[in-house]
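Here is the file query28.txt (compact mmCIF, C-alpha atoms and all ligand atoms).
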```txt
# COMPACT_ATOMS: atom_id res chain seq x y z
CA MET A 1 -53.84 -51.05 -105.78
CA THR A 2 -53.26 -47.93 -103.79
CA ARG A 3 -55.02 -45.54 -101.43
CA VAL A 4 -56.11 -42.05 -102.39
CA ARG A 5 -54.76 -39.42 -100.03
CA ALA A 6 -56.27 -36.28 -101.47
CA VAL A 7 -58.20 -34.77 -104.33
CA GLU A 8 -57.37 -31.22 -105.30
CA LEU A 9 -59.95 -29.40 -107.40
CA ARG A 10 -59.28 -26.27 -109.40
CA LEU A 11 -61.52 -24.14 -111.54
CA VAL A 12 -59.36 -22.70 -114.31
CA ARG A 13 -59.99 -20.15 -117.03
CA LEU A 14 -57.96 -19.58 -120.20
CA PRO A 15 -58.60 -17.13 -123.04
CA LEU A 16 -59.40 -18.71 -126.42
CA VAL A 17 -57.70 -17.46 -129.58
CA ARG A 18 -61.13 -16.69 -131.03
CA PRO A 19 -64.70 -17.20 -129.81
CA PHE A 20 -66.15 -20.61 -130.70
CA ARG A 21 -69.79 -20.54 -131.83
CA THR A 22 -72.02 -23.60 -132.15
CA SER A 23 -75.76 -24.02 -132.60
CA PHE A 24 -76.11 -24.00 -128.79
CA GLY A 25 -74.02 -20.96 -127.91
CA GLU A 26 -70.76 -19.09 -128.03
CA MET A 27 -67.66 -19.53 -125.87
CA ALA A 28 -65.14 -16.70 -125.61
CA GLU A 29 -63.05 -18.33 -122.89
CA LYS A 30 -62.36 -21.85 -121.78
CA GLU A 31 -63.35 -22.56 -118.20
CA CYS A 32 -63.13 -26.04 -116.68
CA VAL A 33 -62.56 -28.09 -113.54
CA LEU A 34 -59.23 -29.88 -113.13
CA ALA A 35 -58.62 -32.60 -110.57
CA ARG A 36 -55.30 -33.73 -109.16
CA VAL A 37 -55.67 -37.09 -107.42
CA GLU A 38 -52.86 -37.93 -105.04
CA THR A 39 -52.31 -41.57 -104.11
CA GLU A 40 -49.69 -43.16 -101.87
CA ASP A 41 -47.57 -43.74 -104.98
CA ALA A 42 -48.08 -40.84 -107.39
CA ALA A 43 -50.37 -38.00 -108.44
CA GLY A 44 -52.52 -37.90 -111.57
CA TRP A 45 -54.49 -35.31 -113.51
CA GLY A 46 -58.02 -35.26 -114.90
CA GLU A 47 -59.81 -32.52 -116.83
CA CYS A 48 -63.58 -32.22 -116.71
CA VAL A 49 -65.06 -31.56 -120.17
CA ALA A 50 -68.17 -29.76 -118.86
CA GLY A 51 -68.58 -26.07 -119.68
CA VAL A 52 -69.89 -22.99 -117.92
CA GLU A 53 -73.53 -23.77 -118.76
CA PRO A 54 -75.52 -27.01 -119.09
CA ASP A 55 -75.88 -26.57 -122.86
CA PHE A 56 -73.96 -29.36 -124.62
CA SER A 57 -75.06 -31.77 -121.89
CA ALA A 58 -76.87 -31.57 -118.55
CA GLU A 59 -73.54 -31.19 -116.76
CA TRP A 60 -71.74 -27.90 -116.12
CA ASN A 61 -68.71 -26.76 -114.14
CA GLU A 62 -70.31 -25.76 -110.86
CA GLY A 63 -72.46 -28.89 -110.86
CA ALA A 64 -69.46 -31.11 -111.60
CA TRP A 65 -67.51 -29.40 -108.81
CA LEU A 66 -70.26 -30.15 -106.29
CA VAL A 67 -70.77 -33.74 -107.44
CA ILE A 68 -67.05 -34.38 -107.09
CA ARG A 69 -66.72 -32.52 -103.78
CA ASP A 70 -69.79 -33.94 -102.07
CA PHE A 71 -70.09 -37.45 -103.55
CA LEU A 72 -67.28 -38.75 -105.73
CA ALA A 73 -64.27 -37.58 -103.74
CA PRO A 74 -65.68 -38.77 -100.39
CA ALA A 75 -66.45 -42.19 -101.92
CA LEU A 76 -62.95 -42.35 -103.35
CA LEU A 77 -61.26 -41.32 -100.09
CA ASP A 78 -63.35 -43.94 -98.25
CA ALA A 79 -62.70 -46.74 -100.75
CA GLY A 80 -59.45 -47.97 -99.21
CA GLU A 81 -57.21 -49.83 -101.62
CA VAL A 82 -58.60 -48.98 -105.03
CA ARG A 83 -57.79 -48.76 -108.71
CA ALA A 84 -59.40 -46.86 -111.57
CA GLU A 85 -61.13 -50.01 -112.82
CA ASP A 86 -63.02 -50.25 -109.50
CA LEU A 87 -64.49 -46.77 -109.71
CA GLU A 88 -67.60 -47.74 -111.59
CA ALA A 89 -68.59 -49.77 -108.52
CA VAL A 90 -67.35 -47.11 -106.07
CA PHE A 91 -69.46 -44.47 -107.84
CA ALA A 92 -72.47 -46.71 -108.50
CA SER A 93 -74.69 -44.83 -106.05
CA VAL A 94 -74.26 -41.60 -108.03
CA ARG A 95 -76.54 -41.64 -111.02
CA GLY A 96 -75.40 -39.93 -114.22
CA HIS A 97 -72.74 -37.19 -114.15
CA PRO A 98 -70.37 -38.97 -116.55
CA MET A 99 -68.22 -35.86 -117.05
CA ALA A 100 -67.63 -35.46 -113.32
CA LYS A 101 -66.90 -39.19 -112.98
CA ALA A 102 -64.53 -39.11 -115.96
CA THR A 103 -62.47 -36.41 -114.27
CA ILE A 104 -61.74 -38.69 -111.33
CA VAL A 105 -61.43 -41.96 -113.27
CA ASN A 106 -58.90 -40.38 -115.63
CA ALA A 107 -56.94 -38.75 -112.81
CA LEU A 108 -56.70 -41.95 -110.76
CA LEU A 109 -55.70 -43.96 -113.83
CA ASP A 110 -53.06 -41.34 -114.64
CA ALA A 111 -51.66 -41.66 -111.10
CA GLU A 112 -51.61 -45.47 -111.35
CA LEU A 113 -49.85 -45.46 -114.69
CA ARG A 114 -47.32 -42.87 -113.55
CA ALA A 115 -46.51 -45.11 -110.59
CA GLU A 116 -45.99 -48.03 -112.99
CA GLY A 117 -44.02 -45.91 -115.47
CA ARG A 118 -46.45 -46.88 -118.22
CA SER A 119 -48.10 -44.58 -120.77
CA LEU A 120 -51.87 -44.29 -121.10
CA ALA A 121 -51.54 -45.03 -124.81
CA SER A 122 -49.77 -48.32 -124.10
CA TYR A 123 -52.33 -49.23 -121.41
CA LEU A 124 -55.21 -48.62 -123.86
CA GLY A 125 -53.63 -50.77 -126.55
CA ALA A 126 -52.63 -47.92 -128.85
CA GLU A 127 -51.10 -48.98 -132.13
CA ARG A 128 -49.74 -45.69 -133.40
CA ASP A 129 -47.36 -43.07 -132.08
CA ARG A 130 -48.89 -40.31 -134.21
CA VAL A 131 -52.53 -39.58 -134.99
CA GLU A 132 -54.22 -37.76 -137.87
CA CYS A 133 -55.82 -34.50 -136.88
CA GLY A 134 -58.81 -32.54 -138.07
CA VAL A 135 -60.17 -29.22 -136.95
CA SER A 136 -63.65 -28.12 -135.90
CA ILE A 137 -64.58 -24.63 -137.10
CA GLY A 138 -67.22 -22.63 -135.24
CA ILE A 139 -70.08 -20.85 -137.03
CA ALA A 140 -68.36 -17.86 -138.66
CA SER A 141 -69.74 -14.33 -138.94
CA SER A 142 -69.69 -14.51 -142.77
CA PRO A 143 -68.99 -16.98 -145.58
CA GLU A 144 -65.78 -15.05 -146.39
CA THR A 145 -64.45 -15.42 -142.84
CA LEU A 146 -65.27 -19.11 -142.93
CA LEU A 147 -63.38 -19.65 -146.20
CA GLU A 148 -60.37 -17.78 -144.80
CA GLN A 149 -60.35 -19.98 -141.71
CA VAL A 150 -60.66 -23.14 -143.78
CA ASP A 151 -57.73 -22.04 -145.99
CA GLY A 152 -55.62 -21.26 -142.94
CA TYR A 153 -56.20 -24.62 -141.28
CA LEU A 154 -55.62 -26.54 -144.51
CA ALA A 155 -52.34 -24.67 -144.96
CA GLU A 156 -51.33 -25.82 -141.48
CA GLY A 157 -51.90 -29.41 -142.57
CA TYR A 158 -55.21 -30.41 -140.96
CA ARG A 159 -56.58 -33.50 -142.68
CA ARG A 160 -60.29 -32.98 -142.12
CA ILE A 161 -62.42 -29.89 -141.78
CA LYS A 162 -65.59 -29.96 -139.68
CA LEU A 163 -68.02 -27.08 -140.00
CA LYS A 164 -70.50 -26.23 -137.28
CA ILE A 165 -73.94 -25.63 -138.78
CA GLU A 166 -77.34 -24.46 -137.57
CA PRO A 167 -80.67 -23.93 -139.32
CA GLY A 168 -80.21 -21.12 -141.84
CA THR A 169 -76.40 -21.34 -141.83
CA ASP A 170 -75.87 -24.69 -143.47
CA VAL A 171 -76.26 -25.69 -147.14
CA GLU A 172 -74.85 -22.51 -148.72
CA ARG A 173 -71.84 -22.42 -146.39
CA VAL A 174 -71.08 -26.06 -147.13
CA ARG A 175 -71.48 -25.46 -150.86
CA ALA A 176 -68.99 -22.58 -150.75
CA VAL A 177 -66.39 -24.61 -148.86
CA ARG A 178 -66.88 -27.64 -151.10
CA GLU A 179 -66.54 -25.57 -154.28
CA ALA A 180 -63.29 -24.07 -152.99
CA HIS A 181 -61.96 -27.49 -151.88
CA PRO A 182 -63.47 -30.32 -153.96
CA ASP A 183 -61.27 -33.08 -152.52
CA ILE A 184 -60.86 -32.50 -148.79
CA LEU A 185 -62.43 -34.61 -146.07
CA LEU A 186 -65.32 -32.37 -145.00
CA SER A 187 -67.99 -32.92 -142.36
CA VAL A 188 -70.64 -30.92 -140.51
CA ASP A 189 -71.78 -30.89 -136.89
CA ALA A 190 -75.27 -29.65 -136.04
CA ASN A 191 -75.12 -30.16 -132.26
CA ALA A 192 -78.72 -31.37 -132.20
CA ALA A 193 -80.17 -28.21 -133.80
CA TYR A 194 -82.53 -29.83 -136.33
CA THR A 195 -85.81 -31.77 -136.22
CA PRO A 196 -87.10 -34.64 -138.36
CA GLU A 197 -89.02 -32.05 -140.42
CA ASP A 198 -85.66 -30.72 -141.67
CA VAL A 199 -84.90 -33.80 -143.78
CA ALA A 200 -84.69 -31.59 -146.91
CA VAL A 201 -81.60 -29.86 -145.48
CA PHE A 202 -79.83 -33.20 -145.10
CA ARG A 203 -80.92 -34.37 -148.53
CA ALA A 204 -79.42 -31.16 -149.93
CA LEU A 205 -76.19 -31.80 -147.99
CA ASP A 206 -76.00 -35.25 -149.62
CA ALA A 207 -74.80 -33.48 -152.78
CA PHE A 208 -71.48 -32.47 -151.19
CA GLY A 209 -69.87 -35.84 -150.49
CA LEU A 210 -69.52 -35.17 -146.78
CA LEU A 211 -67.63 -37.63 -144.63
CA MET A 212 -70.46 -37.46 -142.10
CA VAL A 213 -73.15 -35.33 -140.54
CA GLU A 214 -72.69 -35.20 -136.79
CA GLN A 215 -75.59 -35.15 -134.33
CA PRO A 216 -78.27 -33.64 -136.56
CA LEU A 217 -81.21 -34.20 -134.16
CA HIS A 218 -82.04 -33.96 -130.46
CA HIS A 219 -79.75 -36.00 -128.21
CA GLU A 220 -82.58 -38.22 -126.98
CA ASP A 221 -83.94 -38.92 -130.48
CA VAL A 222 -81.97 -42.05 -131.35
CA VAL A 223 -84.96 -43.58 -133.13
CA GLN A 224 -85.43 -40.43 -135.23
CA HIS A 225 -81.75 -40.60 -136.18
CA ALA A 226 -82.38 -44.11 -137.51
CA VAL A 227 -85.27 -42.79 -139.59
CA LEU A 228 -83.15 -39.90 -140.90
CA GLN A 229 -80.24 -42.26 -141.70
CA SER A 230 -82.63 -44.29 -143.88
CA GLN A 231 -83.62 -41.12 -145.76
CA ILE A 232 -80.15 -39.79 -146.61
CA VAL A 233 -76.93 -41.06 -148.16
CA THR A 234 -74.38 -39.33 -145.93
CA ASP A 235 -73.30 -41.28 -142.85
CA ILE A 236 -74.68 -40.00 -139.57
CA CYS A 237 -72.23 -39.76 -136.66
CA LEU A 238 -73.60 -39.49 -133.13
CA ASP A 239 -71.95 -37.39 -130.42
CA GLU A 240 -74.36 -36.08 -127.71
CA SER A 241 -76.60 -39.18 -127.97
CA ILE A 242 -73.83 -41.59 -126.94
CA ARG A 243 -73.23 -41.62 -123.17
CA SER A 244 -71.95 -45.18 -122.81
CA ALA A 245 -70.86 -48.30 -124.69
CA ALA A 246 -74.43 -49.61 -124.30
CA ASP A 247 -75.75 -46.47 -126.03
CA ALA A 248 -73.23 -46.92 -128.84
CA ALA A 249 -74.15 -50.57 -129.38
CA ALA A 250 -77.88 -49.76 -129.38
CA ALA A 251 -77.53 -46.79 -131.74
CA ILE A 252 -75.45 -48.80 -134.22
CA ASP A 253 -77.76 -51.84 -134.06
CA LEU A 254 -80.76 -49.59 -134.61
CA GLY A 255 -79.16 -48.01 -137.69
CA ALA A 256 -79.09 -44.57 -136.06
CA CYS A 257 -75.45 -43.95 -137.00
CA ARG A 258 -72.62 -45.44 -139.04
CA ILE A 259 -69.82 -43.56 -137.27
CA VAL A 260 -69.30 -42.75 -133.58
CA ASN A 261 -67.64 -39.68 -132.07
CA VAL A 262 -65.84 -40.86 -128.93
CA LYS A 263 -65.42 -38.20 -126.27
CA GLN A 264 -64.05 -39.87 -123.20
CA GLY A 265 -65.46 -37.19 -120.91
CA ARG A 266 -68.99 -37.61 -122.26
CA VAL A 267 -69.01 -41.36 -121.54
CA GLY A 268 -67.48 -41.34 -118.04
CA GLY A 269 -63.77 -41.56 -118.80
CA VAL A 270 -61.20 -43.44 -120.83
CA LEU A 271 -62.19 -46.89 -119.56
CA GLU A 272 -65.76 -46.59 -120.85
CA ALA A 273 -64.41 -44.86 -123.98
CA ARG A 274 -62.33 -47.96 -124.66
CA ARG A 275 -65.53 -50.04 -124.40
CA VAL A 276 -67.26 -47.70 -126.87
CA HIS A 277 -64.31 -48.24 -129.20
CA ASP A 278 -64.66 -52.01 -128.76
CA VAL A 279 -68.43 -52.30 -129.37
CA ALA A 280 -68.09 -50.16 -132.49
CA ALA A 281 -65.12 -52.21 -133.74
CA GLU A 282 -67.09 -55.46 -133.22
CA ARG A 283 -69.80 -54.00 -135.44
CA GLY A 284 -67.41 -52.76 -138.13
CA VAL A 285 -68.18 -49.12 -137.32
CA PRO A 286 -65.31 -46.60 -137.30
CA VAL A 287 -64.88 -44.17 -134.42
CA TRP A 288 -62.92 -40.94 -134.12
CA CYS A 289 -61.82 -38.80 -131.23
CA GLY A 290 -64.01 -35.81 -130.48
CA GLY A 291 -62.94 -32.86 -128.40
CA MET A 292 -64.34 -30.29 -126.00
CA LEU A 293 -61.73 -27.55 -126.47
CA GLU A 294 -59.63 -29.26 -123.81
CA THR A 295 -56.47 -27.81 -122.32
CA GLY A 296 -53.28 -29.83 -122.68
CA VAL A 297 -54.37 -32.16 -119.86
CA GLY A 298 -57.51 -33.39 -121.63
CA ARG A 299 -55.75 -33.20 -125.01
CA ALA A 300 -53.07 -35.63 -123.85
CA THR A 301 -55.79 -38.01 -122.63
CA ASN A 302 -57.61 -37.77 -125.97
CA LEU A 303 -54.45 -38.37 -128.02
CA ALA A 304 -53.75 -41.64 -126.21
CA LEU A 305 -57.28 -42.82 -126.98
CA ALA A 306 -57.08 -41.67 -130.60
CA ALA A 307 -54.09 -43.98 -131.13
CA MET A 308 -56.26 -47.10 -130.67
CA PRO A 309 -56.82 -49.18 -133.82
CA ASN A 310 -60.51 -48.46 -134.54
CA PHE A 311 -59.97 -44.67 -134.41
CA ARG A 312 -59.96 -44.67 -138.19
CA LEU A 313 -60.84 -41.05 -139.02
CA PRO A 314 -59.01 -37.81 -138.17
CA GLY A 315 -60.12 -36.48 -134.78
CA ASP A 316 -60.91 -33.07 -133.29
CA THR A 317 -57.47 -33.34 -131.71
CA SER A 318 -56.12 -30.02 -132.88
CA ALA A 319 -52.95 -28.21 -131.81
CA SER A 320 -52.85 -26.07 -128.66
CA ARG A 321 -52.52 -22.89 -130.75
CA ARG A 322 -55.84 -23.56 -132.49
CA TYR A 323 -57.46 -22.99 -129.07
CA PHE A 324 -55.21 -21.03 -126.71
CA PRO A 325 -52.61 -18.28 -126.96
CA ASP A 326 -50.96 -20.07 -124.01
CA ASP A 327 -51.99 -23.61 -122.99
CA LEU A 328 -51.69 -25.01 -119.45
CA THR A 329 -49.14 -27.60 -120.53
CA GLU A 330 -46.31 -27.36 -123.01
CA PRO A 331 -48.11 -26.76 -126.32
CA PHE A 332 -49.21 -29.64 -128.53
CA GLU A 333 -48.06 -29.04 -132.07
CA LEU A 334 -49.30 -30.20 -135.45
CA ALA A 335 -46.71 -31.55 -137.87
CA PRO A 336 -46.92 -30.21 -141.45
CA ASP A 337 -48.37 -33.59 -142.50
CA GLY A 338 -51.40 -33.03 -140.22
CA THR A 339 -50.43 -35.53 -137.54
CA MET A 340 -49.67 -35.08 -133.87
CA ALA A 341 -47.43 -37.12 -131.62
CA VAL A 342 -49.11 -39.29 -128.98
CA PRO A 343 -47.51 -38.61 -125.59
CA SER A 344 -45.30 -41.53 -124.60
CA GLY A 345 -44.28 -40.62 -121.04
CA PRO A 346 -45.84 -42.25 -117.95
CA GLY A 347 -49.61 -41.73 -117.59
CA ILE A 348 -50.94 -38.99 -119.85
CA GLY A 349 -47.34 -37.91 -120.32
CA VAL A 350 -47.78 -34.21 -119.57
CA GLU A 351 -48.48 -31.96 -116.59
CA PRO A 352 -49.74 -28.40 -116.25
CA ARG A 353 -46.88 -25.93 -115.96
CA ALA A 354 -46.94 -24.71 -112.34
CA ASP A 355 -46.79 -20.99 -113.10
CA ARG A 356 -49.40 -21.18 -115.84
CA LEU A 357 -51.70 -23.27 -113.65
CA GLU A 358 -51.52 -20.72 -110.83
CA ALA A 359 -52.15 -17.86 -113.24
CA CYS A 360 -55.28 -19.58 -114.63
CA THR A 361 -56.76 -20.79 -111.33
CA LEU A 362 -59.97 -19.06 -110.23
CA ARG A 363 -60.63 -21.31 -107.24
CA ARG A 364 -58.96 -24.23 -105.50
CA GLU A 365 -60.12 -26.72 -102.88
CA LEU A 366 -58.26 -29.60 -101.26
CA LEU A 367 -60.39 -32.62 -100.28
CA GLN A 368 -58.91 -35.02 -97.76
CA LYS A 369 -60.15 -37.58 -95.31
CA GLU A 370 -60.96 -35.99 -91.97
O1 LIG B 401 -69.90 -31.08 -130.64
O2 LIG B 401 -67.96 -31.73 -131.07
C1 LIG B 401 -68.70 -30.93 -130.51
C2 LIG B 401 -66.62 -28.22 -128.81
C3 LIG B 401 -67.36 -27.99 -127.67
C4 LIG B 401 -68.53 -28.68 -127.50
C5 LIG B 401 -68.96 -29.60 -128.46
C6 LIG B 401 -68.21 -29.84 -129.59
C7 LIG B 401 -67.04 -29.10 -129.79
C8 LIG B 401 -66.24 -29.20 -130.99
C9 LIG B 401 -64.78 -28.79 -130.88
O3 LIG B 401 -66.66 -29.50 -132.07
C10 LIG B 401 -63.89 -29.97 -130.80
C11 LIG B 401 -62.49 -29.57 -130.39
O4 LIG B 401 -61.76 -29.05 -131.23
O5 LIG B 401 -62.12 -29.79 -129.20
MG MG B 402 -70.17 -32.76 -131.88
```
Give the structure from this file in structure tokens form.
Amino acid sequence: MTRVRAVELRLVRLPLVRPFRTSFGEMAEKECVLARVETEDAAGWGECVAGVEPDFSAEWNEGAWLVIRDFLAPALLDAGEVRAEDLEAVFASVRGHPMAKATIVNALLDAELRAEGRSLASYLGAERDRVECGVSIGIASSPETLLEQVDGYLAEGYRRIKLKIEPGTDVERVRAVREAHPDILLSVDANAAYTPEDVAVFRALDAFGLLMVEQPLHHEDVVQHAVLQSQIVTDICLDESIRSAADAAAAIDLGACRIVNVKQGRVGGVLEARRVHDVAAERGVPVWCGGMLETGVGRATNLALAAMPNFRLPGDTSASRRYFPDDLTEPFELAPDGTMAVPSGPGIGVEPRADRLEACTLRRELLQKE
């Protein structure tokens, strides 16, 4: 138990190596909120996974900033002796906003673990010191560009390729990649771009032996996902639809998915993410670690989670250079065998480099008790 002295918020922006296009939009730069939570014993870091616009979810950077500044940070500074596990109760009066909450939960937990000298991976019950990595490829301008990107990532060692799809840019692209690479682990992610009337597209995709089809339908349509799952062979994986362990349990029990993408930021932080992992494991359903193009801070958090036992498929935990010419932290690197080391130092095991952090900061605000 410790008291929180201050919360420092920063809005940071980093160039991406190439624009990332999904069915809901294109990102040319990474922009996110970072929190540094300072306790009496240590300081910890949290990265908010929201983006510039409320497109992937209802949350976005400026909204997350305000929710943290006006509600979460004041509640935290007023909480007295507190630990990360208490924050669900401390934040109970704020409905929703899991990404904003995750930023603070993860940062406080990081501070606690740094004070104890214990790694996040060890705290979460990780069983591996390296994890298998996949890569998520945005919608490319042409089939040729896509094939080039796939070849490049496979040459680097990535163990699973995920293709973003949208109506009209789906079956033929998947066919081309599958013909070029008959044996790789291949999946697609629709980011909720289809409707139940599109079942023919998913029946056509059944021919390609995909590992999964991620979030084909609207994020609120869990029942329709169960119907679609009964109509196709390929396993459905849910991403946007899963905002908590309760959502995951319900979706699995309903037959809406057979695989779960765990993004700690989407479910309110690593503590709830561990519960998602647990409810899926109890039901014999594998999970894997999703990503939101995180900087090294969020990447370190994700890698610790991905080392837990029921993370049984390669995650979207790619190397720093797949995203950024220059990451905030020391770069995360992929080994030629397609694995990445799980940080083993105290807490998340990494920190932003001071000069890089300053160079990327657009805005900073220090929140303290008056
Ligand atoms: O749906 O998984 C997604 C990136 C931003 C928003 C949503 C998603 C993604 C990715 C990239 O697929 C995952 C990553 O490499 O971080
Ligand atoms: Mg997804």
Expected selection as a CSV table (one decimal) with C-alpha atoms, keeping the file's coordinate frame for ligand LIG 401 (chain B) within 7 Å, all atoms listed in the file:
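The new file out_28.csv reads:
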```csv
chain,number,residue,atom,x,y,z
A,56,PHE,CA,-74.0,-29.4,-124.6
A,135,VAL,CA,-60.2,-29.2,-137.0
A,136,SER,CA,-63.6,-28.1,-135.9
A,189,ASP,CA,-71.8,-30.9,-136.9
A,191,ASN,CA,-75.1,-30.2,-132.3
A,239,ASP,CA,-72.0,-37.4,-130.4
A,290,GLY,CA,-64.0,-35.8,-130.5
A,291,GLY,CA,-62.9,-32.9,-128.4
A,292,MET,CA,-64.3,-30.3,-126.0
A,293,LEU,CA,-61.7,-27.6,-126.5
A,294,GLU,CA,-59.6,-29.3,-123.8
A,316,ASP,CA,-60.9,-33.1,-133.3
A,317,THR,CA,-57.5,-33.3,-131.7
A,318,SER,CA,-56.1,-30.0,-132.9
```
(request) Please provide as a ChimeraX atom specification all residues within 8 Å of A:Ala245, with the sequence filter that same-chain residues fewer than 3 positions apart are discarded (counting all atoms listed in the file). (result) /A:242,248-249,267,272-273,275-277,279
Close residues, A:Ala50 itself excluded, 9 Å, only C-alpha atoms, min 5 positions apart in chain, as a PDB file with C-alpha atoms, keeping the file's coordinate frame:
```pdb
ATOM      1  CA  GLU A  31     -63.350 -22.560-118.200  1.00  0.00           C
ATOM      2  CA  CYS A  32     -63.130 -26.040-116.680  1.00  0.00           C
ATOM      3  CA  VAL A  33     -62.560 -28.090-113.540  1.00  0.00           C
ATOM      4  CA  PHE A  56     -73.960 -29.360-124.620  1.00  0.00           C
ATOM      5  CA  SER A  57     -75.060 -31.770-121.890  1.00  0.00           C
ATOM      6  CA  ALA A  58     -76.870 -31.570-118.550  1.00  0.00           C
ATOM      7  CA  GLU A  59     -73.540 -31.190-116.760  1.00  0.00           C
ATOM      8  CA  TRP A  60     -71.740 -27.900-116.120  1.00  0.00           C
ATOM      9  CA  ASN A  61     -68.710 -26.760-114.140  1.00  0.00           C
ATOM     10  CA  ALA A  64     -69.460 -31.110-111.600  1.00  0.00           C
ATOM     11  CA  MET A  99     -68.220 -35.860-117.050  1.00  0.00           C
ATOM     12  CA  ALA A 100     -67.630 -35.460-113.320  1.00  0.00           C
ATOM     13  CA  GLY A 265     -65.460 -37.190-120.910  1.00  0.00           C
ATOM     14  CA  ARG A 266     -68.990 -37.610-122.260  1.00  0.00           C
ATOM     15  CA  MET A 292     -64.340 -30.290-126.000  1.00  0.00           C
TER      16      MET A 292
END
```
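We find atom CA of A:Arg5 and atom CA of A:Arg299 to be spaced 25.8 Å apart.
Relative to atom CA of A:Pro98, atom CA of A:Arg128 is found at 27.5 Å.
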(message) Restricting the calculation to all atoms listed in the file: of A:Ala192, A:Val17, A:Ile232, A:Val49, which residue gets closest to A:Ala204?
(response) A:Ile232
(request) Do a neighbour search on A:Gly63 at 9 Å with all atoms listed in the file, toss out local chain neighbours closer than 5 positions, and write the hits as a list in words. (result) Pro54, Ile68, His97 and Ala100 of chain A
(message) Under the rule that only C-alpha atoms are counted, which of A:Val285, A:Pro167, A:Met340, A:Gly51 is the nearest residue to A:Asn302?
(response) A:Met340
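Residues in contact range of A:Lys369, defined as at most 12 Å between only C-alpha atoms, with sequence neighbours fewer than 6 positions away removed, read Arg3, Val4, Arg5, Ala6, Val7, Arg69, Ala73, Pro74, Ala75, Leu76, Leu77, Asp78, Ala79 and Gly80 of chain A.
With atom CA of A:Glu112 on one side and atom CA of A:Tyr323 on the other, the separation reads 29.2 Å.
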(message) For a quick check of understanding, using only C-alpha atoms and all ligand atoms, which of A:Glu214, A:Glu53, A:Glu26, A:Glu8 has the smallest distance to ligand MG 402 (chain B)?
(response) A:Glu214
Hey, can you pull every residue with an atom no more than 8 Å from (-67.4, -34.8, -144.4), using all atoms listed in the file, and send it as a compact mmCIF listing (two decimals) with C-alpha atoms, in the coordinates of the input?
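Listed below is the output, selection_1.txt:
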```txt
# COMPACT_ATOMS: atom_id res chain seq x y z
CA ARG A 160 -60.29 -32.98 -142.12
CA ILE A 161 -62.42 -29.89 -141.78
CA LYS A 162 -65.59 -29.96 -139.68
CA LEU A 185 -62.43 -34.61 -146.07
CA LEU A 186 -65.32 -32.37 -145.00
CA SER A 187 -67.99 -32.92 -142.36
CA VAL A 188 -70.64 -30.92 -140.51
CA GLY A 209 -69.87 -35.84 -150.49
CA LEU A 210 -69.52 -35.17 -146.78
CA LEU A 211 -67.63 -37.63 -144.63
CA MET A 212 -70.46 -37.46 -142.10
CA VAL A 213 -73.15 -35.33 -140.54
```
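Comparing A:Asp41, A:Asp86, A:Glu240, A:Glu358 by their smallest distance to ligand MG 402 (chain B), the closest is A:Glu240 (using all atoms listed in the file).
Each of A:Val94, A:Ala89, A:Ile165, A:Ala111 was checked against A:Val37 using all atoms listed in the file; the smallest atom-to-atom distance is that of A:Ala111.
Considering all atoms listed in the file, the residue among A:Val67, A:Ser23, A:Leu124, A:Val287 positioned nearest to A:Thr169 is A:Ser23.
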(message) Residues within 12 Å of (-71.9, -57.2, -138.8), file coordinates, counting all atoms listed in the file: what are they? Give the list as a ChimeraX atom specification.
(response) /A:249,252-253,255,258,279-285
Starting from the incomplete input, reconstruct N, CA and C atoms of stretch 190-198 of chain A and report them as a PDB file, keeping the file's coordinate frame.
```
ATOM      1  N   ALA A 190     -74.096 -30.477-136.306  1.00  0.00           N
ATOM      2  CA  ALA A 190     -75.270 -29.650-136.040  1.00  0.00           C
ATOM      3  C   ALA A 190     -75.542 -29.467-134.549  1.00  0.00           C
ATOM      4  N   ASN A 191     -74.857 -30.230-133.709  1.00  0.00           N
ATOM      5  CA  ASN A 191     -75.120 -30.160-132.260  1.00  0.00           C
ATOM      6  C   ASN A 191     -76.609 -30.158-131.937  1.00  0.00           C
ATOM      7  N   ALA A 192     -77.327 -31.078-132.575  1.00  0.00           N
ATOM      8  CA  ALA A 192     -78.720 -31.370-132.200  1.00  0.00           C
ATOM      9  C   ALA A 192     -79.712 -30.253-132.555  1.00  0.00           C
ATOM     10  N   ALA A 193     -79.358 -29.400-133.538  1.00  0.00           N
ATOM     11  CA  ALA A 193     -80.170 -28.210-133.800  1.00  0.00           C
ATOM     12  C   ALA A 193     -81.363 -28.434-134.735  1.00  0.00           C
ATOM     13  N   TYR A 194     -81.480 -29.619-135.322  1.00  0.00           N
ATOM     14  CA  TYR A 194     -82.530 -29.830-136.330  1.00  0.00           C
ATOM     15  C   TYR A 194     -83.609 -30.780-135.803  1.00  0.00           C
ATOM     16  N   THR A 195     -84.712 -30.852-136.567  1.00  0.00           N
ATOM     17  CA  THR A 195     -85.810 -31.770-136.220  1.00  0.00           C
ATOM     18  C   THR A 195     -86.065 -32.682-137.425  1.00  0.00           C
ATOM     19  N   PRO A 196     -86.823 -33.738-137.231  1.00  0.00           N
ATOM     20  CA  PRO A 196     -87.100 -34.640-138.360  1.00  0.00           C
ATOM     21  C   PRO A 196     -87.761 -33.926-139.551  1.00  0.00           C
ATOM     22  N   GLU A 197     -88.399 -32.804-139.312  1.00  0.00           N
ATOM     23  CA  GLU A 197     -89.020 -32.050-140.420  1.00  0.00           C
ATOM     24  C   GLU A 197     -87.967 -31.408-141.340  1.00  0.00           C
ATOM     25  N   ASP A 198     -86.718 -31.354-140.892  1.00  0.00           N
ATOM     26  CA  ASP A 198     -85.660 -30.720-141.670  1.00  0.00           C
ATOM     27  C   ASP A 198     -84.970 -31.673-142.645  1.00  0.00           C
TER      28      ASP A 198
END
```
